[in-house]
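Raw contents of upload.cif, mmCIF, C-alpha atoms and all ligand atoms:
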data_protein
loop_
_atom_site.label_atom_id
_atom_site.label_comp_id
_atom_site.auth_asym_id
_atom_site.auth_seq_id
_atom_site.Cartn_x
_atom_site.Cartn_y
_atom_site.Cartn_z
CA MET A 258 0.00 0.00 0.00
CA LYS A 259 1.08 3.59 -0.68
CA PHE A 260 0.57 6.66 1.50
CA LEU A 261 -1.70 7.96 -1.26
CA GLU A 262 -4.09 5.07 -0.59
CA LEU A 263 -3.99 5.79 3.13
CA LEU A 264 -5.28 9.28 2.29
CA ASN A 265 -8.65 7.79 1.35
CA ARG A 266 -9.27 6.33 4.79
CA ILE A 267 -10.85 7.83 7.87
CA GLY A 268 -10.21 7.21 11.55
CA LEU A 269 -6.44 7.21 11.31
CA ILE A 270 -4.07 7.86 14.19
CA ALA A 271 -0.73 9.55 13.64
CA ALA A 272 1.93 9.20 16.33
CA HIS A 273 2.77 12.84 17.02
CA ARG A 274 6.60 13.12 17.20
CA GLY A 275 6.66 9.34 17.67
CA ALA A 276 5.28 7.79 20.84
CA ARG A 277 6.13 10.94 22.76
CA SER A 278 4.15 10.07 25.86
CA ILE A 279 6.31 6.99 26.50
CA ALA A 280 9.64 7.88 24.86
CA PRO A 281 11.63 11.02 24.11
CA GLU A 282 9.98 12.71 21.12
CA ASN A 283 11.52 12.43 17.66
CA THR A 284 14.01 9.69 18.63
CA LEU A 285 14.38 6.25 17.10
CA THR A 286 13.07 4.77 20.35
CA ALA A 287 9.92 6.89 20.03
CA LEU A 288 9.46 5.59 16.48
CA LYS A 289 9.99 1.98 17.55
CA LYS A 290 7.55 2.31 20.46
CA SER A 291 4.83 3.69 18.18
CA VAL A 292 4.84 0.63 15.91
CA GLY A 293 1.51 -1.20 16.16
CA LYS A 294 -0.10 1.71 18.00
CA CYS A 295 -0.72 4.05 15.08
CA ASP A 296 -1.39 4.19 11.34
CA PHE A 297 1.51 6.48 10.59
CA ILE A 298 4.23 8.38 12.44
CA GLU A 299 4.76 12.13 12.38
CA ILE A 300 8.25 13.63 12.81
CA ASP A 301 9.65 17.18 12.63
CA VAL A 302 12.68 17.94 10.49
CA GLN A 303 15.08 20.87 10.29
CA LEU A 304 18.64 21.48 9.13
CA SER A 305 21.91 21.57 11.04
CA ARG A 306 24.38 24.39 10.36
CA ASP A 307 26.02 22.26 7.67
CA GLY A 308 22.72 21.36 6.04
CA ALA A 309 22.06 17.85 7.43
CA ALA A 310 18.37 17.00 7.87
CA VAL A 311 17.82 16.15 11.54
CA VAL A 312 14.71 15.17 13.46
CA MET A 313 13.80 17.76 16.09
CA HIS A 314 10.82 19.93 16.93
CA ASP A 315 12.08 23.06 18.69
CA ASP A 316 14.42 25.43 16.89
CA THR A 317 16.64 25.44 19.99
CA LEU A 318 18.23 22.48 21.75
CA GLU A 319 17.58 23.28 25.38
CA ARG A 320 14.32 21.44 26.03
CA THR A 321 15.14 18.08 24.45
CA THR A 322 18.90 17.70 24.90
CA ASN A 323 21.61 18.05 27.56
CA VAL A 324 23.27 20.94 25.68
CA SER A 325 23.15 23.41 28.58
CA GLU A 326 25.05 20.94 30.78
CA MET A 327 27.98 20.57 28.39
CA ASP A 328 31.05 22.73 29.05
CA LEU A 329 32.00 22.49 25.40
CA PHE A 330 28.90 24.43 24.38
CA LYS A 331 28.59 26.85 27.28
CA GLU A 332 29.11 29.90 25.06
CA ARG A 333 26.52 28.79 22.52
CA SER A 334 23.24 29.95 24.09
CA PRO A 335 20.45 30.24 22.85
CA TYR A 336 21.50 26.88 21.33
CA LYS A 337 19.82 27.20 17.97
CA VAL A 338 19.77 23.88 16.10
CA SER A 339 20.89 25.70 12.95
CA ASP A 340 24.03 27.00 14.75
CA PHE A 341 25.27 23.44 15.43
CA THR A 342 26.94 21.15 12.90
CA LEU A 343 25.83 17.55 12.48
CA ASP A 344 28.96 16.37 14.32
CA GLU A 345 28.15 18.68 17.23
CA LEU A 346 24.52 17.57 17.34
CA ARG A 347 25.71 13.98 17.52
CA MET A 348 27.60 14.79 20.75
CA LEU A 349 24.34 15.57 22.58
CA ASP A 350 22.02 13.28 24.49
CA TYR A 351 18.33 13.31 23.50
CA GLY A 352 16.99 11.00 26.20
CA SER A 353 17.95 12.01 29.75
CA TRP A 354 15.67 15.11 29.82
CA PHE A 355 12.70 12.78 29.27
CA TYR A 356 13.66 9.89 31.55
CA LYS A 357 15.00 12.30 34.17
CA ASP A 358 18.03 10.03 34.40
CA LYS A 359 21.47 11.15 33.22
CA ASN A 360 22.41 7.58 32.35
CA HIS A 361 19.41 6.95 30.11
CA LYS A 362 20.67 8.41 26.85
CA GLU A 363 19.31 8.53 23.32
CA PRO A 364 21.26 9.45 20.18
CA LEU A 365 20.36 12.07 17.56
CA LEU A 366 17.90 10.86 14.95
CA THR A 367 18.62 11.97 11.38
CA LEU A 368 16.01 12.06 8.64
CA GLY A 369 18.05 9.45 6.78
CA LEU A 370 17.83 6.99 9.67
CA ALA A 371 14.11 7.64 10.23
CA LEU A 372 13.36 6.94 6.58
CA GLU A 373 15.51 3.81 6.59
CA PHE A 374 13.52 2.62 9.61
CA ILE A 375 10.13 3.03 7.93
CA ARG A 376 11.37 1.37 4.74
CA GLU A 377 12.70 -1.64 6.65
CA LYS A 378 9.55 -1.98 8.74
CA GLY A 379 7.08 -1.15 5.95
CA LEU A 380 5.61 1.82 7.84
CA PHE A 381 4.15 5.19 6.81
CA MET A 382 5.44 8.58 7.88
CA ASN A 383 4.42 12.25 7.80
CA VAL A 384 7.61 14.28 7.55
CA GLU A 385 6.93 17.82 8.74
CA ILE A 386 9.53 20.29 7.53
CA LYS A 387 9.98 23.15 9.98
CA ASP A 388 9.85 26.68 8.62
CA MET A 389 13.51 27.68 8.23
CA ASN A 390 12.86 30.86 6.29
CA GLY A 391 15.47 33.48 7.20
CA THR A 392 18.08 30.86 8.09
CA PHE A 393 18.26 28.70 4.96
CA SER A 394 17.00 29.35 1.45
CA ASP A 395 13.91 27.38 0.40
CA GLU A 396 16.02 25.67 -2.27
CA ARG A 397 18.58 24.47 0.28
CA VAL A 398 15.90 23.05 2.59
CA VAL A 399 14.02 21.29 -0.18
CA GLU A 400 17.23 19.91 -1.76
CA SER A 401 18.40 18.41 1.55
CA VAL A 402 15.08 16.70 2.20
CA VAL A 403 14.62 15.45 -1.37
CA LYS A 404 18.12 13.95 -1.32
CA GLU A 405 17.24 11.85 1.75
CA ILE A 406 13.90 10.71 0.33
CA VAL A 407 15.45 9.65 -2.96
CA SER A 408 18.34 7.89 -1.31
CA ALA A 409 16.06 5.98 1.11
CA ASP A 410 13.65 5.13 -1.73
CA VAL A 411 10.53 5.86 0.33
CA ASP A 412 8.51 8.19 -1.89
CA GLU A 413 5.47 5.89 -1.64
CA ARG A 414 5.61 5.74 2.15
CA ILE A 415 5.63 9.40 3.11
CA LEU A 416 3.53 12.54 3.31
CA LEU A 417 5.40 15.86 3.38
CA SER A 418 3.93 18.78 5.31
CA SER A 419 4.99 22.25 6.37
CA PHE A 420 3.80 25.57 7.74
CA ARG A 421 5.97 27.09 5.00
CA HIS A 422 3.81 26.31 2.00
CA GLU A 423 6.42 27.39 -0.52
CA TYR A 424 8.38 24.22 0.30
CA LEU A 425 5.35 22.14 -0.70
CA ARG A 426 5.14 23.75 -4.12
CA MET A 427 8.82 22.94 -4.66
CA PHE A 428 8.50 19.38 -3.39
CA LYS A 429 5.70 18.72 -5.88
CA GLU A 430 7.94 19.82 -8.73
CA LYS A 431 10.78 17.57 -7.64
CA LEU A 432 8.80 14.58 -6.31
CA PRO A 433 5.38 14.68 -8.01
CA ASN A 434 4.36 11.29 -6.57
CA VAL A 435 4.84 12.28 -2.96
CA PRO A 436 1.67 13.67 -1.33
CA THR A 437 1.89 17.03 0.45
CA ALA A 438 -0.10 18.58 3.28
CA VAL A 439 -0.63 22.28 3.93
CA LEU A 440 -0.15 22.83 7.66
CA VAL A 441 -1.89 25.73 9.40
CA GLU A 442 -2.48 26.96 12.92
CA ASP A 443 -5.39 29.17 13.98
CA LYS A 444 -6.01 30.74 10.57
CA HIS A 445 -7.28 29.27 7.29
CA PRO A 446 -5.89 30.70 4.06
CA GLN A 447 -8.40 32.76 2.04
CA ASN A 448 -10.15 30.82 -0.73
CA LEU A 449 -8.93 27.59 0.86
CA ILE A 450 -9.80 25.13 -1.91
CA GLU A 451 -8.27 27.27 -4.65
CA TYR A 452 -5.24 27.79 -2.44
CA LEU A 453 -4.72 24.04 -2.00
CA ARG A 454 -5.31 23.43 -5.68
CA GLU A 455 -2.78 26.04 -6.67
CA LEU A 456 -0.15 24.40 -4.42
CA ARG A 457 -1.11 20.98 -5.82
CA ALA A 458 -1.51 19.81 -2.22
CA ASP A 459 -3.24 16.55 -1.26
CA ALA A 460 -4.03 17.23 2.37
CA TYR A 461 -4.81 19.91 4.94
CA HIS A 462 -3.54 19.69 8.54
CA VAL A 463 -5.10 22.03 11.06
CA ASN A 464 -5.01 22.48 14.83
CA ASP A 465 -7.97 21.20 16.82
CA GLU A 466 -8.94 24.69 18.03
CA SER A 467 -9.59 25.91 14.47
CA VAL A 468 -11.37 22.96 12.90
CA ASP A 469 -15.08 23.13 12.09
CA GLU A 470 -17.54 20.77 10.45
CA LYS A 471 -18.33 22.97 7.46
CA THR A 472 -14.68 23.35 6.46
CA VAL A 473 -14.02 19.62 6.92
CA LYS A 474 -17.06 18.73 4.80
CA LYS A 475 -16.00 21.07 2.01
CA LEU A 476 -12.43 19.78 2.03
CA ARG A 477 -13.55 16.15 1.91
CA GLU A 478 -16.03 16.84 -0.89
CA GLU A 479 -13.20 18.37 -2.87
CA GLY A 480 -11.09 15.27 -2.29
CA TYR A 481 -8.67 16.57 0.33
CA PHE A 482 -7.39 14.52 3.28
CA VAL A 483 -7.95 16.31 6.59
CA GLY A 484 -5.65 15.85 9.60
CA VAL A 485 -6.18 17.49 13.01
CA TYR A 486 -3.52 18.05 15.68
CA THR A 487 -3.14 17.45 18.60
CA VAL A 488 -5.92 15.23 19.94
CA ASN A 489 -5.51 13.07 23.03
CA ASP A 490 -9.10 12.71 24.13
CA ALA A 491 -11.15 9.75 22.86
CA ASN A 492 -14.47 11.63 22.81
CA ARG A 493 -12.99 14.46 20.81
CA ALA A 494 -11.39 11.97 18.42
CA LYS A 495 -14.78 10.37 17.82
CA GLU A 496 -16.38 13.75 17.23
CA LEU A 497 -13.74 14.67 14.67
CA PHE A 498 -13.99 11.35 12.84
CA ASN A 499 -17.76 11.74 12.72
CA MET A 500 -17.21 15.13 11.06
CA GLY A 501 -15.22 13.30 8.37
CA VAL A 502 -11.71 14.08 9.60
CA ASN A 503 -9.31 11.48 8.17
CA SER A 504 -6.64 11.51 10.84
CA ILE A 505 -5.77 12.87 14.22
CA PHE A 506 -2.25 13.48 15.49
CA SER A 507 -2.00 12.12 18.99
CA ASP A 508 0.56 11.92 21.78
CA SER A 509 -1.24 9.23 23.73
CA LEU A 510 -1.56 6.54 21.04
CA ASN A 511 -4.50 4.83 22.60
CA ARG A 512 -5.77 2.41 19.93
CA GLU A 513 -9.28 3.15 21.17
CA LEU A 514 -8.97 6.61 19.65
CA GLY A 515 -8.86 5.32 16.09
CA MET A 516 -11.40 3.73 13.78
CA SER A 517 -9.30 2.81 10.76
CA GLY A 518 -9.10 -0.91 11.52
CA LEU A 519 -5.57 -0.96 10.08
O1 LIG B 1 2.21 18.17 11.94
C1 LIG B 1 1.25 18.34 12.93
C2 LIG B 1 1.85 18.96 14.18
O2 LIG B 1 3.00 18.25 14.50
C3 LIG B 1 2.16 20.42 14.01
O3 LIG B 1 2.56 21.01 15.18
O4 LIG B 1 4.29 22.11 16.52
O5 LIG B 1 3.68 19.75 17.01
O6 LIG B 1 4.99 20.31 14.96
P1 LIG B 1 3.94 20.77 15.94
MG MG B 2 5.06 18.40 13.99
#

Would you write the structure of this file as structure tokens?
Amino acid sequence: MKFLELLNRIGLIAAHRGARSIAPENTLTALKKSVGKCDFIEIDVQLSRDGAAVVMHDDTLERTTNVSEMDLFKERSPYKVSDFTLDELRMLDYGSWFYKDKNHKEPLLTLGLALEFIREKGLFMNVEIKDMNGTFSDERVVESVVKEIVSADVDERILLSSFRHEYLRMFKEKLPNVPTAVLVEDKHPQNLIEYLRELRADAYHVNDESVDEKTVKKLREEGYFVGVYTVNDANRAKELFNMGVNSIFSDSLNRELGMSGL
């Protein structure tokens, strides 16, 4: 099955940043722990100073690594991910903040490794590309991500999304078979359907606070996949699926939330 076929289903659960309620978000352990508990996995991707695609949500390292405890990096506050090279990022620990145990470490997850993992296991993944406008050119971001997708040979297994919609237009030109999702928070673009059509997008991902039945209905009638983040409550999940929402992004990964039967 391809991700494109998954887009026709409803009642899907996406593991938001991996199984982030039981493992440190966006690590390989979080990916492994989400297997069997979701229909696809969502990760966040950004670039290191030297242009390597790495899996991390925040644009600074403080919350999810031990960077502030390392003497080597004590002059590097505010610890922007894009100020650190891949080699430097590899020196950090991505687990002890979560386990609250200095000895329980997790290594950096790169996009390359995440994609290799889903190919080996036959899984599906939503790769969210963080908005790096102002730090890297759109071309540089898109090139780095495309290179990893091509080299891992996973174009049928992924959905690309971003709050920076310009990336999506460029992805479609370079990888026309890979579905894309326009990601928004709190505000819908004007003339939504035309907007999605113009970007050649396949899906629309919106935060729970801004979703409404009329918009979902319209999107579904026009053939768009609708994803809603972040939903951890079973009653709310049911409500959204009854509206026609295709997928929720969830931290809690309770199988009861979903209805896909996958
Ligand atoms: O892609 C859906 C969701 O992950 C967007 O929000 O901030 O958790 O990446 P965020
Ligand atoms: Mg995300």

Given 12 Å and all atoms listed in the file, residues near ligand LIG 1 (chain B) as a PyMOL selection string: chain A and resi 270-275+277+282-283+297-303+312-316+382-388+416-421+437-443+460-465+483-488+504-508

Could you check how far atom CA of Thr317 of chain A sits from atom CA of Lys337 of chain A, in Å to one decimal?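 Result for atom CA of Thr317 of chain A versus atom CA of Lys337 of chain A: 4.2 Å, one decimal.
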
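With all atoms listed in the file as the atoms that count, the minimum distance from Cys295 of chain A to the choices A:Leu456, A:Leu432, A:Glu470, A:Leu514 is reached by A:Leu514.
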
Which residue is closest to Ile267 of chain A? Choose from A:Asp296, A:Glu466, A:Glu479, A:Asp328 and count all atoms listed in the file.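 Closest to Ile267 of chain A, using all atoms listed in the file: A:Asp296.
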
re atom CA of Leu366 of chain A and atom CA of Met427 of chain A: distance 24.8 Å

Problem - Nearest to Arg320 of chain A, chosen from A:Phe393, A:Lys431, A:Ser291, A:Pro281, with all atoms listed in the file counted in the distances - result: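 Among the listed residues, the smallest separation from Arg320 of chain A belongs to A:Pro281.
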
From atom CA of Phe381 of chain A to atom CA of Glu262 of chain A the spacing works out at 11.1 Å

**Report entry** Closest of A:Leu329, A:Phe482, A:Gly352, A:Arg454 to Ile279 of chain A - atom-to-atom distances counting all atoms listed in the file
**Finding:**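 Distance minimum relative to Ile279 of chain A lands on A:Gly352.
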
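Non-sequential neighbours of Lys474 of chain A (distance at most 12 Å, separation of 3 or more positions within a chain, only C-alpha atoms) are A:Ile450, A:Val468, A:Asp469, A:Glu470, A:Lys471, A:Arg477, A:Glu478, A:Glu479, A:Gly480, A:Tyr481, A:Phe482, A:Val483, A:Leu497, A:Phe498, A:Asn499, A:Met500, A:Gly501, A:Val502, A:Asn503.
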
Kindly save the residues from that selection, with C-alpha atoms included, as a PDB file, in the coordinates of the input.
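Saved as again-v9.pdb:
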ATOM      1  CA  ILE A 450      -9.800  25.130  -1.910  1.00  0.00           C
ATOM      2  CA  VAL A 468     -11.370  22.960  12.900  1.00  0.00           C
ATOM      3  CA  ASP A 469     -15.080  23.130  12.090  1.00  0.00           C
ATOM      4  CA  GLU A 470     -17.540  20.770  10.450  1.00  0.00           C
ATOM      5  CA  LYS A 471     -18.330  22.970   7.460  1.00  0.00           C
ATOM      6  CA  ARG A 477     -13.550  16.150   1.910  1.00  0.00           C
ATOM      7  CA  GLU A 478     -16.030  16.840  -0.890  1.00  0.00           C
ATOM      8  CA  GLU A 479     -13.200  18.370  -2.870  1.00  0.00           C
ATOM      9  CA  GLY A 480     -11.090  15.270  -2.290  1.00  0.00           C
ATOM     10  CA  TYR A 481      -8.670  16.570   0.330  1.00  0.00           C
ATOM     11  CA  PHE A 482      -7.390  14.520   3.280  1.00  0.00           C
ATOM     12  CA  VAL A 483      -7.950  16.310   6.590  1.00  0.00           C
ATOM     13  CA  LEU A 497     -13.740  14.670  14.670  1.00  0.00           C
ATOM     14  CA  PHE A 498     -13.990  11.350  12.840  1.00  0.00           C
ATOM     15  CA  ASN A 499     -17.760  11.740  12.720  1.00  0.00           C
ATOM     16  CA  MET A 500     -17.210  15.130  11.060  1.00  0.00           C
ATOM     17  CA  GLY A 501     -15.220  13.300   8.370  1.00  0.00           C
ATOM     18  CA  VAL A 502     -11.710  14.080   9.600  1.00  0.00           C
ATOM     19  CA  ASN A 503      -9.310  11.480   8.170  1.00  0.00           C
TER      20      ASN A 503
END

Quiz item: What's the 9 Å shell around Thr322 of chain A, counting only C-alpha atoms, without same-chain residues fewer than 4 positions away, as a list in words?
Solution: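 Final neighbour list, sorted by chain and number: Leu318, Leu349, Asp350, Tyr351, Gly352, Ser353 and Trp354 of chain A.
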
Could you please fill out segment 308-319 of chain A with all heavy atoms and send it back as a PDB file, keeping the file's coordinate frame?
ATOM      1  N   GLY A 308      23.737  21.795   6.999  1.00  0.00           N
ATOM      2  CA  GLY A 308      22.720  21.360   6.040  1.00  0.00           C
ATOM      3  C   GLY A 308      22.258  19.916   6.159  1.00  0.00           C
ATOM      4  O   GLY A 308      21.589  19.416   5.248  1.00  0.00           O
ATOM      5  N   ALA A 309      22.551  19.233   7.267  1.00  0.00           N
ATOM      6  CA  ALA A 309      22.060  17.850   7.430  1.00  0.00           C
ATOM      7  C   ALA A 309      20.631  17.894   7.960  1.00  0.00           C
ATOM      8  O   ALA A 309      20.313  18.690   8.847  1.00  0.00           O
ATOM      9  CB  ALA A 309      22.956  17.094   8.400  1.00  0.00           C
ATOM     10  N   ALA A 310      19.765  17.040   7.424  1.00  0.00           N
ATOM     11  CA  ALA A 310      18.370  17.000   7.870  1.00  0.00           C
ATOM     12  C   ALA A 310      18.276  16.164   9.142  1.00  0.00           C
ATOM     13  O   ALA A 310      18.578  14.969   9.143  1.00  0.00           O
ATOM     14  CB  ALA A 310      17.495  16.402   6.771  1.00  0.00           C
ATOM     15  N   VAL A 311      17.893  16.816  10.239  1.00  0.00           N
ATOM     16  CA  VAL A 311      17.820  16.150  11.540  1.00  0.00           C
ATOM     17  C   VAL A 311      16.404  16.238  12.093  1.00  0.00           C
ATOM     18  O   VAL A 311      15.645  17.139  11.739  1.00  0.00           O
ATOM     19  CB  VAL A 311      18.829  16.762  12.547  1.00  0.00           C
ATOM     20  CG1 VAL A 311      20.259  16.497  12.104  1.00  0.00           C
ATOM     21  CG2 VAL A 311      18.598  18.260  12.729  1.00  0.00           C
ATOM     22  N   VAL A 312      16.077  15.282  12.973  1.00  0.00           N
ATOM     23  CA  VAL A 312      14.710  15.170  13.460  1.00  0.00           C
ATOM     24  C   VAL A 312      14.593  15.834  14.830  1.00  0.00           C
ATOM     25  O   VAL A 312      15.107  15.317  15.827  1.00  0.00           O
ATOM     26  CB  VAL A 312      14.287  13.676  13.526  1.00  0.00           C
ATOM     27  CG1 VAL A 312      12.832  13.542  13.965  1.00  0.00           C
ATOM     28  CG2 VAL A 312      14.482  13.011  12.164  1.00  0.00           C
ATOM     29  N   MET A 313      13.946  16.992  14.845  1.00  0.00           N
ATOM     30  CA  MET A 313      13.800  17.760  16.090  1.00  0.00           C
ATOM     31  C   MET A 313      12.665  18.751  15.945  1.00  0.00           C
ATOM     32  O   MET A 313      12.489  19.312  14.857  1.00  0.00           O
ATOM     33  CB  MET A 313      15.092  18.509  16.381  1.00  0.00           C
ATOM     34  CG  MET A 313      15.669  18.186  17.737  1.00  0.00           C
ATOM     35  SD  MET A 313      17.228  19.030  17.960  1.00  0.00           S
ATOM     36  CE  MET A 313      18.276  18.202  16.808  1.00  0.00           C
ATOM     37  N   HIS A 314      11.943  19.001  17.014  1.00  0.00           N
ATOM     38  CA  HIS A 314      10.820  19.930  16.930  1.00  0.00           C
ATOM     39  C   HIS A 314      11.207  21.383  17.167  1.00  0.00           C
ATOM     40  O   HIS A 314      10.979  22.250  16.338  1.00  0.00           O
ATOM     41  CB  HIS A 314       9.704  19.520  17.899  1.00  0.00           C
ATOM     42  CG  HIS A 314       8.558  20.472  17.879  1.00  0.00           C
ATOM     43  ND1 HIS A 314       8.486  21.585  18.694  1.00  0.00           N
ATOM     44  CD2 HIS A 314       7.452  20.511  17.109  1.00  0.00           C
ATOM     45  CE1 HIS A 314       7.392  22.262  18.431  1.00  0.00           C
ATOM     46  NE2 HIS A 314       6.729  21.631  17.474  1.00  0.00           N
ATOM     47  N   ASP A 315      11.795  21.663  18.331  1.00  0.00           N
ATOM     48  CA  ASP A 315      12.080  23.060  18.690  1.00  0.00           C
ATOM     49  C   ASP A 315      13.236  23.596  17.839  1.00  0.00           C
ATOM     50  O   ASP A 315      14.113  22.827  17.447  1.00  0.00           O
ATOM     51  CB  ASP A 315      12.508  23.157  20.162  1.00  0.00           C
ATOM     52  CG  ASP A 315      11.411  22.702  21.116  1.00  0.00           C
ATOM     53  OD1 ASP A 315      10.348  22.243  20.651  1.00  0.00           O
ATOM     54  OD2 ASP A 315      11.628  22.787  22.343  1.00  0.00           O
ATOM     55  N   ASP A 316      13.266  24.909  17.637  1.00  0.00           N
ATOM     56  CA  ASP A 316      14.420  25.430  16.890  1.00  0.00           C
ATOM     57  C   ASP A 316      15.622  25.674  17.795  1.00  0.00           C
ATOM     58  O   ASP A 316      16.691  26.054  17.331  1.00  0.00           O
ATOM     59  CB  ASP A 316      14.062  26.644  16.027  1.00  0.00           C
ATOM     60  CG  ASP A 316      13.478  27.774  16.841  1.00  0.00           C
ATOM     61  OD1 ASP A 316      13.463  27.661  18.076  1.00  0.00           O
ATOM     62  OD2 ASP A 316      13.037  28.766  16.235  1.00  0.00           O
ATOM     63  N   THR A 317      15.475  25.431  19.093  1.00  0.00           N
ATOM     64  CA  THR A 317      16.640  25.440  19.990  1.00  0.00           C
ATOM     65  C   THR A 317      16.744  24.078  20.692  1.00  0.00           C
ATOM     66  O   THR A 317      15.772  23.325  20.759  1.00  0.00           O
ATOM     67  CB  THR A 317      16.523  26.551  21.060  1.00  0.00           C
ATOM     68  OG1 THR A 317      15.349  26.309  21.828  1.00  0.00           O
ATOM     69  CG2 THR A 317      16.460  27.929  20.429  1.00  0.00           C
ATOM     70  N   LEU A 318      17.936  23.828  21.247  1.00  0.00           N
ATOM     71  CA  LEU A 318      18.230  22.480  21.750  1.00  0.00           C
ATOM     72  C   LEU A 318      17.925  22.280  23.231  1.00  0.00           C
ATOM     73  O   LEU A 318      17.987  21.168  23.740  1.00  0.00           O
ATOM     74  CB  LEU A 318      19.725  22.193  21.536  1.00  0.00           C
ATOM     75  CG  LEU A 318      20.154  22.096  20.066  1.00  0.00           C
ATOM     76  CD1 LEU A 318      21.658  22.293  19.936  1.00  0.00           C
ATOM     77  CD2 LEU A 318      19.741  20.739  19.513  1.00  0.00           C
ATOM     78  N   GLU A 319      17.602  23.352  23.919  1.00  0.00           N
ATOM     79  CA  GLU A 319      17.580  23.280  25.380  1.00  0.00           C
ATOM     80  C   GLU A 319      16.569  22.283  25.951  1.00  0.00           C
ATOM     81  O   GLU A 319      16.885  21.526  26.858  1.00  0.00           O
ATOM     82  CB  GLU A 319      17.318  24.670  25.958  1.00  0.00           C
ATOM     83  CG  GLU A 319      17.809  24.751  27.378  1.00  0.00           C
ATOM     84  CD  GLU A 319      18.160  26.163  27.791  1.00  0.00           C
ATOM     85  OE1 GLU A 319      17.883  27.102  27.021  1.00  0.00           O
ATOM     86  OE2 GLU A 319      18.709  26.313  28.891  1.00  0.00           O
TER      87      GLU A 319
END
